[in-house]
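Asker: Hey, dropping entry33.txt in here, compact mmCIF, C-alpha atoms:
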# COMPACT_ATOMS: atom_id res chain seq x y z
CA MET N 1 98.23 4.57 110.42
CA GLN N 2 100.28 2.42 108.05
CA GLU N 3 99.68 1.11 104.58
CA THR N 4 98.58 -2.45 104.15
CA ALA N 5 100.14 -4.74 101.60
CA PRO N 6 99.15 -4.24 97.98
CA SER N 7 96.38 -6.36 96.55
CA PRO N 8 97.57 -9.02 94.06
CA THR N 9 94.84 -8.02 91.62
CA LEU N 10 94.46 -4.28 92.14
CA PRO N 11 97.13 -1.60 92.18
CA HIS N 12 98.47 -0.55 95.56
CA THR N 13 96.19 2.45 95.78
CA ALA N 14 93.17 0.25 96.32
CA LYS N 15 94.74 -0.92 99.55
CA ALA N 16 95.99 2.43 100.71
CA THR N 17 95.22 3.68 104.15
CA GLY N 18 91.95 5.44 104.91
CA ARG N 19 93.91 8.70 105.02
CA VAL N 20 95.37 8.24 101.54
CA VAL N 21 92.11 7.02 100.05
CA GLY N 22 90.23 9.87 101.64
CA VAL N 23 92.57 12.61 100.40
CA ASP N 24 92.65 11.32 96.83
CA ALA N 25 88.93 10.56 96.81
CA ALA N 26 88.19 14.10 98.00
CA ARG N 27 90.37 15.38 95.19
CA GLY N 28 88.33 13.28 92.79
CA LEU N 29 85.20 14.99 94.10
CA ALA N 30 86.86 18.39 93.64
CA LEU N 31 87.67 17.50 90.04
CA MET N 32 84.05 16.51 89.44
CA GLY N 33 82.98 19.87 90.84
CA MET N 34 85.44 21.80 88.68
CA LEU N 35 84.20 19.99 85.58
CA ALA N 36 80.59 20.76 86.48
CA ALA N 37 81.35 24.43 87.14
CA HIS N 38 82.98 24.71 83.70
CA ILE N 39 80.40 22.80 81.69
CA PHE N 40 77.03 23.76 83.17
CA PRO N 41 75.63 27.28 82.75
CA ASN N 42 75.56 29.58 85.77
CA TYR N 43 71.89 30.47 85.42
CA ASP N 44 68.68 29.29 83.80
CA GLU N 45 67.99 31.36 80.70
CA ASP N 46 64.23 31.27 81.25
CA THR N 47 64.08 32.19 84.94
CA GLY N 48 67.42 33.87 85.52
CA GLU N 49 67.87 31.75 88.64
CA PRO N 50 71.21 30.08 89.40
CA THR N 51 71.52 26.48 88.28
CA LEU N 52 72.03 23.64 90.74
CA ALA N 53 75.57 23.16 89.44
CA PHE N 54 76.36 26.81 90.17
CA VAL N 55 74.95 26.61 93.69
CA LEU N 56 76.83 23.38 94.52
CA PHE N 57 80.16 23.88 92.84
CA ALA N 58 80.93 27.49 91.88
CA GLY N 59 83.91 28.63 93.93
CA ASP N 60 83.67 25.82 96.48
CA SER N 61 85.13 23.08 94.23
CA ALA N 62 88.14 25.31 93.49
CA ALA N 63 88.59 25.94 97.21
CA LEU N 64 88.58 22.18 97.87
CA PHE N 65 91.03 21.68 95.00
CA VAL N 66 93.51 24.17 96.48
CA LEU N 67 93.00 22.97 100.06
CA LEU N 68 93.89 19.44 99.00
CA ALA N 69 96.95 20.68 97.15
CA GLY N 70 98.08 22.14 100.46
CA VAL N 71 97.45 18.82 102.22
CA GLY N 72 99.55 17.09 99.59
CA LEU N 73 102.41 19.55 99.95
CA ALA N 74 102.51 18.93 103.69
CA LEU N 75 102.33 15.15 103.37
CA SER N 76 105.07 15.07 100.74
CA THR N 77 107.36 17.13 102.98
CA GLY N 78 107.16 15.02 106.09
CA GLY N 79 103.58 15.35 107.32
CA ARG N 80 103.58 15.64 111.11
CA ASN N 81 107.37 15.19 111.16
CA ARG N 82 108.14 18.02 108.77
CA HIS N 83 111.49 18.01 107.04
CA ARG N 84 114.25 20.27 108.24
CA GLY N 85 117.74 21.30 107.23
CA ARG N 86 118.98 20.20 103.84
CA ARG N 87 116.00 17.93 103.34
CA LEU N 88 113.72 20.94 103.70
CA ARG N 89 115.85 22.92 101.26
CA ALA N 90 115.61 20.05 98.80
CA ASP N 91 111.82 20.08 99.19
CA GLN N 92 111.79 23.81 98.49
CA VAL N 93 113.93 23.43 95.38
CA GLY N 94 111.73 20.58 94.20
CA LEU N 95 108.59 22.65 94.73
CA ALA N 96 110.11 25.53 92.77
CA ALA N 97 110.84 23.15 89.91
CA ARG N 98 107.30 21.80 90.08
CA ALA N 99 105.94 25.35 89.91
CA VAL N 100 107.98 26.04 86.77
CA LEU N 101 106.78 22.82 85.12
CA VAL N 102 103.14 23.52 86.01
CA GLY N 103 103.55 27.02 84.62
CA ILE N 104 104.95 25.70 81.35
CA VAL N 105 102.03 23.29 80.96
CA ALA N 106 99.61 26.10 81.81
CA LEU N 107 101.08 28.38 79.14
CA ILE N 108 100.96 25.62 76.52
CA VAL N 109 97.33 24.86 77.36
CA ALA N 110 96.45 28.56 77.30
CA ALA N 111 97.96 28.90 73.82
CA ILE N 112 95.77 26.02 72.59
CA ILE N 113 92.45 26.97 74.19
CA GLN N 114 92.42 30.68 73.38
CA GLY N 115 88.90 31.97 72.74
CA PRO N 116 86.31 34.35 74.17
CA ASP N 117 84.12 31.63 75.69
CA VAL N 118 86.80 29.31 77.07
CA GLU N 119 86.70 28.71 80.81
CA THR N 120 89.47 30.09 82.99
CA SER N 121 92.20 27.58 83.80
CA ILE N 122 93.52 27.34 87.34
CA LEU N 123 96.84 25.83 86.24
CA LEU N 124 98.86 29.04 85.95
CA TYR N 125 97.51 30.14 89.32
CA PHE N 126 98.73 26.85 90.78
CA ALA N 127 102.23 27.66 89.59
CA VAL N 128 102.02 30.88 91.61
CA PHE N 129 100.51 29.04 94.60
CA PHE N 130 103.49 26.70 94.66
CA VAL N 131 106.03 29.52 94.45
CA LEU N 132 104.37 31.39 97.30
CA ALA N 133 104.14 28.19 99.38
CA ILE N 134 107.93 27.61 99.37
CA PRO N 135 108.76 29.59 102.55
CA PHE N 136 105.80 28.07 104.40
CA LEU N 137 107.07 24.50 104.07
CA ALA N 138 109.14 25.05 107.21
CA LEU N 139 106.13 25.86 109.42
CA GLY N 140 104.06 23.68 111.70
CA ALA N 141 100.28 23.40 111.82
CA ARG N 142 99.56 26.27 114.21
CA ALA N 143 101.78 28.73 112.36
CA LEU N 144 100.21 27.71 109.04
CA PHE N 145 96.69 28.22 110.37
CA ALA N 146 97.70 31.62 111.73
CA CYS N 147 99.19 32.66 108.39
CA ALA N 148 96.03 31.48 106.62
CA ALA N 149 93.96 33.70 108.90
CA VAL N 150 96.15 36.67 107.99
CA PHE N 151 95.76 36.06 104.26
CA SER N 152 91.99 35.62 104.63
CA ILE N 153 91.83 39.25 105.76
CA ALA N 154 94.80 40.84 104.00
CA GLY N 155 94.05 39.32 100.59
CA PRO N 156 90.48 40.66 100.33
CA PHE N 157 91.53 44.03 101.76
CA LEU N 158 94.26 44.43 99.13
CA MET N 159 91.78 43.41 96.43
CA PHE N 160 89.25 45.97 97.66
CA ARG N 161 91.77 48.79 97.85
CA LEU N 162 94.01 48.08 94.87
CA THR N 163 91.89 46.46 92.16
CA PRO N 164 90.32 49.70 90.87
CA ALA N 165 93.80 51.17 90.41
CA LEU N 166 95.43 48.07 88.88
CA PRO N 167 95.67 47.40 85.13
CA GLU N 168 92.94 45.23 83.64
CA TRP N 169 93.98 41.88 82.26
CA SER N 170 93.33 41.25 78.59
CA ASP N 171 92.87 37.48 78.63
CA SER N 172 91.33 35.09 81.15
CA ASN N 173 94.03 32.53 80.26
CA PRO N 174 97.25 34.51 79.71
CA SER N 175 99.76 32.80 77.46
CA LEU N 176 103.39 33.54 76.63
CA PRO N 177 102.70 36.65 74.49
CA GLU N 178 100.78 38.29 77.35
CA LEU N 179 103.63 37.54 79.73
CA PHE N 180 105.95 39.64 77.57
CA SER N 181 103.52 42.31 76.38
CA GLU N 182 101.63 42.86 79.67
CA PRO N 183 103.81 41.42 82.47
CA VAL N 184 102.50 43.77 85.17
CA ALA N 185 98.84 43.15 84.30
CA VAL N 186 99.41 39.38 84.28
CA LEU N 187 101.24 39.52 87.62
CA TYR N 188 98.41 41.43 89.29
CA GLN N 189 95.87 39.12 87.64
CA LEU N 190 97.55 36.08 89.17
CA LEU N 191 97.94 37.71 92.58
CA LEU N 192 94.81 39.80 93.06
CA THR N 193 92.45 40.48 90.17
CA GLY N 194 92.02 37.09 88.46
CA THR N 195 89.49 34.32 88.95
CA TYR N 196 91.69 32.43 91.43
CA PRO N 197 93.89 35.20 92.89
CA ALA N 198 96.86 33.79 94.75
CA LEU N 199 96.93 36.09 97.77
CA PRO N 200 93.35 35.33 98.92
CA TYR N 201 93.66 31.69 97.81
CA LEU N 202 96.67 31.20 100.05
CA THR N 203 94.01 30.91 102.75
CA PHE N 204 92.96 27.53 101.34
CA LEU N 205 96.49 26.36 100.53
CA LEU N 206 97.92 27.18 103.97
CA VAL N 207 94.99 25.62 105.82
CA GLY N 208 95.51 22.50 103.72
CA MET N 209 99.21 22.48 104.60
CA GLY N 210 98.28 22.86 108.26
CA LEU N 211 95.93 19.89 108.01
CA GLY N 212 98.70 17.85 106.43
CA ARG N 213 100.83 18.52 109.51
CA LEU N 214 98.16 16.92 111.72
CA ASP N 215 97.45 13.23 112.31
CA LEU N 216 94.92 12.64 109.53
CA GLY N 217 94.59 9.05 110.71
CA SER N 218 93.01 10.26 113.95
CA LEU N 219 89.24 9.91 114.22
CA ARG N 220 89.19 12.99 116.41
CA VAL N 221 90.98 15.11 113.78
CA ARG N 222 88.64 13.91 111.04
CA ALA N 223 85.54 14.65 113.11
CA TRP N 224 86.97 18.05 114.05
CA MET N 225 87.49 18.88 110.38
CA ALA N 226 83.94 17.91 109.43
CA GLY N 227 82.32 19.71 112.36
CA THR N 228 84.48 22.82 112.19
CA GLY N 229 84.01 23.08 108.44
CA ALA N 230 80.24 22.84 108.64
CA GLY N 231 80.13 25.34 111.48
CA LEU N 232 82.43 27.78 109.68
CA ALA N 233 80.30 27.70 106.51
CA VAL N 234 77.09 28.29 108.46
CA LEU N 235 78.68 31.04 110.54
CA ALA N 236 80.07 32.87 107.49
CA ASN N 237 76.78 32.86 105.61
CA THR N 238 74.83 33.81 108.73
CA ALA N 239 77.19 36.71 109.39
CA SER N 240 76.76 37.88 105.80
CA TRP N 241 72.96 37.78 106.14
CA VAL N 242 73.06 39.71 109.42
CA LEU N 243 75.39 42.39 108.03
CA LEU N 244 73.41 42.87 104.84
CA SER N 245 69.86 42.44 106.10
CA ALA N 246 69.81 43.40 109.77
CA ALA N 247 72.69 45.89 109.89
CA GLY N 248 71.69 47.86 106.81
CA GLY N 249 74.44 46.73 104.50
CA TYR N 250 72.08 45.98 101.62
CA GLN N 251 70.82 49.58 101.60
CA ARG N 252 74.41 50.79 101.42
CA LEU N 253 75.06 48.54 98.43
CA LEU N 254 72.05 50.02 96.63
CA GLY N 255 73.90 53.34 96.66
CA THR N 256 76.74 51.95 94.52
CA PRO N 257 77.23 54.31 91.56
CA GLY N 258 76.20 52.83 88.21
CA MET N 259 74.32 49.85 89.72
CA THR N 260 70.57 49.34 89.83
CA LYS N 261 68.72 47.24 92.38
CA ASP N 262 68.67 44.32 89.92
CA ASP N 263 72.42 44.69 89.45
CA VAL N 264 73.00 44.54 93.19
CA ASP N 265 70.69 41.53 93.58
CA ASP N 266 72.51 39.69 90.80
CA ALA N 267 75.88 40.58 92.35
CA LEU N 268 74.80 39.07 95.67
CA VAL N 269 74.10 35.75 93.93
CA PHE N 270 76.62 35.56 91.09
CA GLY N 271 79.16 38.11 92.29
CA PRO N 272 80.04 41.43 90.66
CA GLU N 273 82.57 41.56 87.85
CA THR N 274 84.91 43.30 90.29
CA ILE N 275 84.26 44.27 93.89
CA PRO N 276 83.29 47.98 93.84
CA ASP N 277 85.45 50.18 96.04
CA SER N 278 82.60 52.57 96.77
CA SER N 279 81.62 50.87 100.02
CA PRO N 280 83.32 48.41 102.41
CA TRP N 281 79.92 46.71 102.79
CA TRP N 282 80.76 44.82 99.62
CA LEU N 283 83.20 42.82 101.73
CA ALA N 284 80.19 41.30 103.53
CA ILE N 285 78.94 39.30 100.52
CA THR N 286 79.61 35.58 100.03
CA ALA N 287 78.99 35.14 96.29
CA PRO N 288 81.34 32.67 94.52
CA HIS N 289 84.75 33.96 93.41
CA THR N 290 84.27 37.31 95.15
CA ASN N 291 87.04 36.30 97.60
CA THR N 292 85.76 38.51 100.40
CA PRO N 293 86.64 37.39 103.96
CA LEU N 294 83.21 35.81 104.44
CA ALA N 295 83.23 34.21 100.97
CA LEU N 296 86.64 32.68 101.74
CA ALA N 297 85.37 31.46 105.11
CA SER N 298 82.27 29.92 103.56
CA SER N 299 84.19 28.07 100.84
CA LEU N 300 86.88 27.01 103.32
CA GLY N 301 84.23 25.63 105.65
CA ILE N 302 82.61 23.61 102.89
CA ALA N 303 86.00 22.28 101.76
CA LEU N 304 86.91 21.27 105.32
CA ALA N 305 83.56 19.57 105.82
CA VAL N 306 83.83 17.60 102.57
CA LEU N 307 87.35 16.42 103.34
CA GLY N 308 86.46 15.55 106.92
CA VAL N 309 83.40 13.52 105.89
CA VAL N 310 85.32 11.67 103.17
CA LEU N 311 88.11 10.85 105.63
CA LEU N 312 85.55 9.58 108.13
CA VAL N 313 83.94 7.15 105.68
CA ALA N 314 87.16 6.16 103.91
CA PRO N 315 88.28 3.36 106.30
CA ARG N 316 85.06 1.43 105.63
CA ALA N 317 84.70 2.29 101.97
CA HIS N 318 88.02 1.46 100.32
CA TYR N 319 86.63 -0.22 97.22
CA ARG N 320 83.61 2.05 96.88
CA LEU N 321 85.92 5.05 96.77
CA TYR N 322 88.41 3.41 94.43
CA PRO N 323 87.20 5.13 91.22
CA LEU N 324 87.34 8.51 92.94
CA GLU N 325 90.72 7.70 94.44
CA VAL N 326 92.47 6.78 91.21
CA THR N 327 90.87 9.76 89.49
CA GLY N 328 91.97 12.10 92.26
CA ALA N 329 95.54 10.83 92.02
CA MET N 330 95.95 12.23 88.50
CA THR N 331 93.94 15.43 88.54
CA MET N 332 96.46 17.48 86.57
CA THR N 333 96.37 15.06 83.64
CA LEU N 334 92.58 14.87 83.70
CA TYR N 335 91.97 18.57 84.31
CA THR N 336 94.32 19.51 81.46
CA SER N 337 92.57 17.08 79.13
CA HIS N 338 89.23 18.53 80.21
CA LEU N 339 90.35 22.06 79.29
CA LEU N 340 91.51 20.91 75.87
CA ALA N 341 88.17 19.19 75.29
CA LEU N 342 86.30 22.33 76.34
CA SER N 343 88.06 24.28 73.60
CA LEU N 344 86.03 22.24 71.08
CA GLU N 345 82.94 24.08 72.40
CA LEU N 346 80.64 21.07 72.16
CA HIS N 347 78.92 21.37 75.52
CA TYR N 348 76.59 24.33 75.14
CA ASP N 349 73.52 22.53 73.76
CA GLU N 350 73.81 19.33 75.81
CA PRO N 351 75.66 20.16 79.05
CA VAL N 352 74.40 17.08 80.92
CA LEU N 353 75.55 14.72 78.18
CA TRP N 354 78.86 16.55 77.80
CA TYR N 355 79.47 16.40 81.55
CA LEU N 356 78.77 12.68 81.66
CA VAL N 357 81.16 12.16 78.77
CA HIS N 358 83.88 14.02 80.65
CA LEU N 359 83.27 11.96 83.79
CA LEU N 360 83.21 8.68 81.90
CA VAL N 361 86.43 9.45 80.07
CA ALA N 362 88.12 10.63 83.27
CA PHE N 363 87.15 7.57 85.33
CA SER N 364 87.89 5.15 82.49
CA PHE N 365 91.32 6.59 81.76
CA ALA N 366 92.24 6.67 85.44
CA MET N 367 91.20 3.05 85.94
CA VAL N 368 92.88 1.77 82.78
CA TRP N 369 96.07 3.71 83.42
CA THR N 370 96.31 2.67 87.07
CA VAL N 371 95.50 -1.00 86.51
CA GLY N 372 97.14 -1.42 83.12
CA MET N 373 100.30 0.62 83.72
CA GLY N 374 100.56 -0.23 87.40
CA MET N 375 101.18 3.44 88.13
CA ARG N 376 99.28 5.53 90.61
CA GLN N 377 100.09 8.86 88.96
CA GLY N 378 99.05 10.00 85.50
CA PRO N 379 101.45 10.98 82.70
CA LEU N 380 101.71 14.64 83.65
CA GLU N 381 102.07 13.86 87.36
CA THR N 382 104.83 11.38 86.57
CA ALA N 383 106.70 13.98 84.53
CA MET N 384 106.25 16.60 87.26
CA LYS N 385 107.53 14.23 89.91
CA ALA N 386 110.57 13.31 87.82
CA GLY N 387 111.43 16.96 87.24
CA ALA N 388 111.03 17.82 90.91
CA GLN N 389 113.18 14.86 91.97
CA ARG N 390 115.95 15.90 89.58
CA ALA N 391 115.86 19.39 91.03
CA LYS N 392 115.95 18.09 94.60
CA ARG N 393 119.11 16.15 93.85
CA LEU N 394 120.88 19.45 93.24
CA VAL N 395 120.81 20.00 97.00
CA PRO N 396 123.63 18.10 98.74
CA THR N 397 122.48 15.41 101.12
CA GLU N 398 123.14 15.56 104.83
CA PRO N 399 126.72 14.59 105.64
CA ALA N 400 127.08 11.12 107.03
CA ALA N 401 127.63 10.93 110.75
CA ALA N 402 131.12 9.92 111.86
CA PRO N 403 131.24 6.26 112.89
CA ALA N 404 131.23 5.71 116.62
CA ARG N 405 134.20 4.06 118.27
CA PRO N 406 133.43 0.34 118.39
CA SER N 407 132.70 -1.05 121.81
CA SER N 408 134.27 -4.20 123.12
CA ALA N 409 131.14 -6.12 122.18
CA GLN N 410 131.34 -4.89 118.58
CA GLU N 411 135.04 -5.76 118.41
CA ALA N 412 134.13 -9.33 119.24
CA GLY N 413 132.93 -9.95 115.70
CA PRO N 414 130.00 -9.61 113.25
CA ALA N 415 127.65 -11.59 115.43
CA ALA N 416 127.65 -8.77 117.95
CA GLU N 417 126.61 -6.09 115.41
CA PRO N 418 122.95 -5.09 115.43
CA HIS N 419 120.93 -5.65 112.27
CA PRO N 420 120.53 -2.47 110.17
CA ALA N 421 116.76 -2.66 110.59
CA ALA N 422 117.22 -2.35 114.32
CA ILE N 423 119.31 0.79 113.87
CA HIS N 424 116.87 2.52 111.51
CA ARG N 425 113.59 1.22 112.87
CA PRO N 426 111.21 4.21 113.30
CA SER N 427 109.70 4.94 116.67
CA ALA N 428 106.22 3.66 117.43
CA GLY N 429 104.70 7.10 117.03
CA ALA N 430 106.44 7.97 113.79
CA GLU N 431 104.34 8.13 110.68
CA ARG N 432 105.37 5.71 107.99
CA PRO N 433 105.52 7.50 104.64
CA ALA N 434 103.53 6.14 101.73
CA SER N 435 105.42 5.21 98.58
CA GLN N 436 103.96 8.34 96.95
CA PRO N 437 102.25 10.84 99.20
CA PRO N 438 98.80 11.85 98.08
CA GLY N 439 98.21 15.35 96.97
CA THR N 440 101.02 15.81 94.48
CA ALA N 441 98.74 15.35 91.50
CA VAL N 442 98.69 19.06 90.69
With the file now loaded, output its structure as structure tokens.
Answerer:
Amino acid sequence: MQETAPSPTLPHTAKATGRVVGVDAARGLALMGMLAAHIFPNYDEDTGEPTLAFVLFAGDSAALFVLLAGVGLALSTGGRNRHRGRRLRADQVGLAARAVLVGIVALIVAAIIQGPDVETSILLYFAVFFVLAIPFLALGARALFACAAVFSIAGPFLMFRLTPALPEWSDSNPSLPELFSEPVAVLYQLLLTGTYPALPYLTFLLVGMGLGRLDLGSLRVRAWMAGTGAGLAVLANTASWVLLSAAGGYQRLLGTPGMTKDDVDDALVFGPETIPDSSPWWLAITAPHTNTPLALASSLGIALAVLGVVLLVAPRAHYRLYPLEVTGAMTMTLYTSHLLALSLELHYDEPVLWYLVHLLVAFSFAMVWTVGMGMRQGPLETAMKAGAQRAKRLVPTEPAAAPARPSSAQEAGPAAEPHPAAIHRPSAGAERPASQPPGTAV
């Protein structure tokens, strides 16, 4: 599916393909979910019940965020026709540079927003995601899905076995001092013990990369994503219920040392502070951010379903999705600004008002920047892209092919030479790259 010509009155993103609009619009939804998860309380203080925002967005919006980052990585490295050779090596160098730049921004933000009640930033985790994704850029869809399946089991198992023996992290948003004073604790936090641990979260990233290697313009692929995602989420939560209720898992959890029945019930809804290693039955829960195999499957299913549905409606809803699209194209800029605004701690008394303010500012800035500056990406995304491109140029380009011996027809004169467009015209089945692939916003 190819891009149409840009609109004379709107920036080119408004006329992007259904695939591009859908991916960026889904990222806009993920950003809305991340904002809601940060701003709204997890539970009602009067009843103790989880809030609607917690039920809808906790854990699942982050999973969608990371899944879409994986889609973007795949699309920016060739999509279905993945890059190989020196072009692949250039992509890997560029991704390494992007990881360093994201890490620098994350550390700067962490130094500004330090405080006991500040929400955990995902930015530093993204730097680790990108580093770990480098060797996987060479793989096709099937291999990526297989690797994701491995991490969905291995990541939770390592967490279950190793977390009790690993050092505790001292700050939810480690900054430069923690990197030097507690490097081992920070490393394990980013890989296994933190809010968005990289090893389990590679499940979402690699599935997203696998999706980006498919034909996202295909109606069949979009419907498969929506149906498979919904089925996976239902299956994961049903399996958790069967294991805990019918198979006796809940009774085993009640025997956890130091936990009362109320503690166990709360852990099943909100998740325990850390997964106890007293019983493997804890791996059967699906509470947000517990990163058990079934919790990963549930969040992955919801992320797949959301992306599939958005891609299905995108071809007929270009202009309706435009605000989400332009917002989703600059999520790093907007998410970073959101974290800085949270450090003012103004949202506790009026979370609904504060959330609407964040949304209004995000949509307004995205629209003004895109229309006024004529740029699809935000300031931080533009800087990240420039840095990655400079790094990619360090890799030598493919050597030019030796010119073929001219035929008698070519020796006859210029009129016999084919037009360059005829030489380089892509095949009918080749995917035409967009001017800036979606998904590189973070």
Asker: Skip range 54-67 of chain N itself and residues of its chain fewer than 4 positions away, then list as a list in words all residues within 6 Å of it, counting all atoms listed in the file.
Answerer: Ala30, Gly33, Met34, Ala37, Asn42, Phe204, Leu205, Gly208, Pro288, His289, Ser299 and Ala303 of chain N
Asker: Using only C-alpha atoms - which residues lie no farther than 12 Å from the point (101.4, 38.3, 78.9) in the file's frame? Write them as a ChimeraX atom specification.
Answerer: /N:107,110-111,124,168-190
Asker: Quick check, in Å to one decimal: how far apart do CA of Lys392 in chain N and CA of Leu73 in chain N lie?
Answerer: 14.6 Å
Asker: Just to confirm, what's the straight-line distance from CA of Gly85 in chain N to CA of Ala138 in chain N in Å (one decimal)?
Answerer: 9.4 Å
Asker: Env of Leu144 in chain N: 7 Å cut, atoms = only C-alpha atoms, seq-sep filter 6 positions within chain, self excluded. Answer as a list in words.
Answerer: Leu206, Val207, Met209 and Gly210 of chain N
Asker: For a quick check of understanding, using only C-alpha atoms, which of N:Phe129, N:Arg86, N:Val118, N:Gly48 has the smallest distance to Glu345 in chain N?
Answerer: N:Val118
Asker: Compare N:Arg27, N:Arg84, N:Arg220, N:Arg161 by their minimum atom-to-atom distance to Thr193 in chain N, counting all atoms listed in the file, and give me the closest one.
Answerer: N:Arg161
Asker: Identify, on the basis of only C-alpha atoms, every residue whose closest approach to Met367 in chain N does not exceed 12 Å; exclude the query and any residue fewer than 5 positions from it along the same chain; express the result as a PDB file with C-alpha atoms, in the frame of the given file.
Answerer:
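Okay, result_9.pdb is ready:
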ATOM      1  CA  LEU N  10      94.460  -4.280  92.140  1.00  0.00           C
ATOM      2  CA  PRO N  11      97.130  -1.600  92.180  1.00  0.00           C
ATOM      3  CA  THR N  13      96.190   2.450  95.780  1.00  0.00           C
ATOM      4  CA  ALA N  14      93.170   0.250  96.320  1.00  0.00           C
ATOM      5  CA  TYR N 322      88.410   3.410  94.430  1.00  0.00           C
ATOM      6  CA  PRO N 323      87.200   5.130  91.220  1.00  0.00           C
ATOM      7  CA  LEU N 324      87.340   8.510  92.940  1.00  0.00           C
ATOM      8  CA  GLU N 325      90.720   7.700  94.440  1.00  0.00           C
ATOM      9  CA  VAL N 326      92.470   6.780  91.210  1.00  0.00           C
ATOM     10  CA  THR N 327      90.870   9.760  89.490  1.00  0.00           C
ATOM     11  CA  GLY N 328      91.970  12.100  92.260  1.00  0.00           C
ATOM     12  CA  ALA N 329      95.540  10.830  92.020  1.00  0.00           C
ATOM     13  CA  MET N 330      95.950  12.230  88.500  1.00  0.00           C
ATOM     14  CA  LEU N 360      83.210   8.680  81.900  1.00  0.00           C
ATOM     15  CA  VAL N 361      86.430   9.450  80.070  1.00  0.00           C
ATOM     16  CA  ALA N 362      88.120  10.630  83.270  1.00  0.00           C
ATOM     17  CA  GLY N 372      97.140  -1.420  83.120  1.00  0.00           C
ATOM     18  CA  MET N 373     100.300   0.620  83.720  1.00  0.00           C
ATOM     19  CA  GLY N 374     100.560  -0.230  87.400  1.00  0.00           C
ATOM     20  CA  MET N 375     101.180   3.440  88.130  1.00  0.00           C
ATOM     21  CA  ARG N 376      99.280   5.530  90.610  1.00  0.00           C
ATOM     22  CA  GLN N 377     100.090   8.860  88.960  1.00  0.00           C
ATOM     23  CA  GLY N 378      99.050  10.000  85.500  1.00  0.00           C
TER      24      GLY N 378
END
Asker: Give me, as a list in words, all polymer residues having an atom no more than 8 Å from Val309 in chain N, counting only C-alpha atoms and skipping those fewer than 5 positions away in the same chain.
Answerer: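 Those residues are Arg222, Ala223 and Ala226 of chain N.
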Asker: Do you have the CA of Met259 in chain N-CA of Ala233 in chain N distance handy?
Answerer: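 CA of Ala233 in chain N lies 28.4 Å from CA of Met259 in chain N.
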Asker: Give the answer as one residue: which of N:Val131, N:Met332, N:Thr77, N:Ser337 has the shortest atom-to-atom distance to Val100 in chain N, using all atoms listed in the file?
Answerer: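 Once distances to Val100 in chain N are computed over all atoms listed in the file, the minimum belongs to N:Val131.
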